[in-house]
Amino acid sequence: MDFSSEFELWSVDDESVQSLEDSVIADYHCIFDHIGTKNRAVIRDDEFDTLANIQSIRDQLRNSYLEKFYDKGFNALMFMEAGINRYLYDPMLNSFCNKEQVFEVDEYGSADCYLMYEEKRPFYTADYEASFFDRLTHKRFR
């Protein structure tokens with residue numbers, strides 16, 4: 001199979017470049033990780049900045065939760081009740097973090113942490129579906 005192409009080289013002066021730049025009506029970013037997903041890969045600059053701000057806030061919250069609540073011994077998010085020396089565990093929060101992959105897995109399969117505990121009680125699924133976390137995820141506010 002043979003292919004051929006033709007081309008011409010034109011010199012470009014500053015005026016031509018300025019004319020081309022003046023005709024640009026918006027700037028866009030390409031997010032290569034979004035290619036092949038349901039997310040848009042090409043977004044406007046202002047959307048890109050908003051996305052970067054949201055990701056920064058998410059990273060700060062994630063790091064804060066790991067620092068304050070992650071207990072390696074229990075491999076879960078735990079809360080030490082002040083003055084009583086007792087750990088409190090919220091299965092809904094831990095399930096939310098697992099289901100929504102709050103502690104992200106990178107391209108090499110490593111994660112900030114894996115919350116290994118999963119609730120097995122049969123009524124738990126119905127409880128979770130009525131929880132704040134599930135309603136927030138699925139935007140069901142009633």
# chains A, B, ... in the order shown; residues from 1 in each chain; ligands from 1

call {"tool": "select_by_dssp", "arguments": {"residues": "stretch 21-136 of chain A", "states": "helix (DSSP H, G or I)", "output": "VMD selection string"}}
result
chain A and resid 21 to 22 32 to 34 45 to 69 91 to 99 124 to 129 132 to 136

call {"tool": "write_last_selection", "arguments": {"atoms": "C-alpha atoms", "output": "compact mmCIF listing (two decimals), in the first residue's frame"}}
result
# COMPACT_ATOMS: atom_id res chain seq x y z
CA GLU A 21 -4.25 34.96 17.32
CA ASP A 22 -6.86 37.72 16.98
CA PHE A 32 -5.72 13.15 28.24
CA ASP A 33 -6.92 10.98 31.14
CA HIS A 34 -10.51 11.73 30.07
CA ASP A 45 -9.80 27.39 30.31
CA ASP A 46 -12.27 28.60 32.94
CA GLU A 47 -13.66 25.06 33.34
CA PHE A 48 -10.12 23.72 33.61
CA ASP A 49 -9.32 26.22 36.38
CA THR A 50 -12.53 25.28 38.23
CA LEU A 51 -11.69 21.59 37.90
CA ALA A 52 -8.18 22.21 39.23
CA ASN A 53 -9.63 24.08 42.24
CA ILE A 54 -12.10 21.27 42.97
CA GLN A 55 -9.34 18.66 42.73
CA SER A 56 -7.20 20.70 45.11
CA ILE A 57 -10.04 20.91 47.65
CA ARG A 58 -10.70 17.16 47.27
CA ASP A 59 -7.01 16.39 47.84
CA GLN A 60 -6.92 18.60 50.94
CA LEU A 61 -10.03 16.91 52.38
CA ARG A 62 -8.72 13.44 51.57
CA ASN A 63 -5.34 14.15 53.18
CA SER A 64 -7.02 15.72 56.21
CA TYR A 65 -9.27 12.67 56.71
CA LEU A 66 -6.31 10.30 56.40
CA GLU A 67 -4.27 12.32 58.87
CA LYS A 68 -7.05 12.78 61.44
CA PHE A 69 -9.13 9.61 61.19
CA PRO A 91 -19.63 2.00 58.56
CA MET A 92 -21.49 4.42 56.26
CA LEU A 93 -18.48 6.71 55.94
CA ASN A 94 -16.11 3.81 55.30
CA SER A 95 -18.49 2.32 52.71
CA PHE A 96 -18.80 5.70 51.01
CA CYS A 97 -15.01 6.00 50.80
CA ASN A 98 -14.75 2.52 49.29
CA LYS A 99 -17.63 2.86 46.83
CA TYR A 124 -27.03 -2.84 55.83
CA THR A 125 -27.59 -2.25 52.08
CA ALA A 126 -31.01 -0.71 52.75
CA ASP A 127 -29.50 1.38 55.56
CA TYR A 128 -26.74 2.64 53.26
CA GLU A 129 -29.21 3.50 50.49
CA PHE A 132 -26.56 10.88 53.58
CA PHE A 133 -23.60 9.44 51.67
CA ASP A 134 -25.64 7.43 49.17
CA ARG A 135 -28.12 10.25 48.63
CA LEU A 136 -25.28 12.69 48.05

call {"tool": "atom_distance", "arguments": {"atom1": "atom CA of A:Asp90", "atom2": "atom CA of A:Phe103"}}
result
16.5 Å

call {"tool": "atom_distance", "arguments": {"atom1": "atom CA of A:Ser131", "atom2": "atom CA of A:Lys72"}}
result
25.5 Å
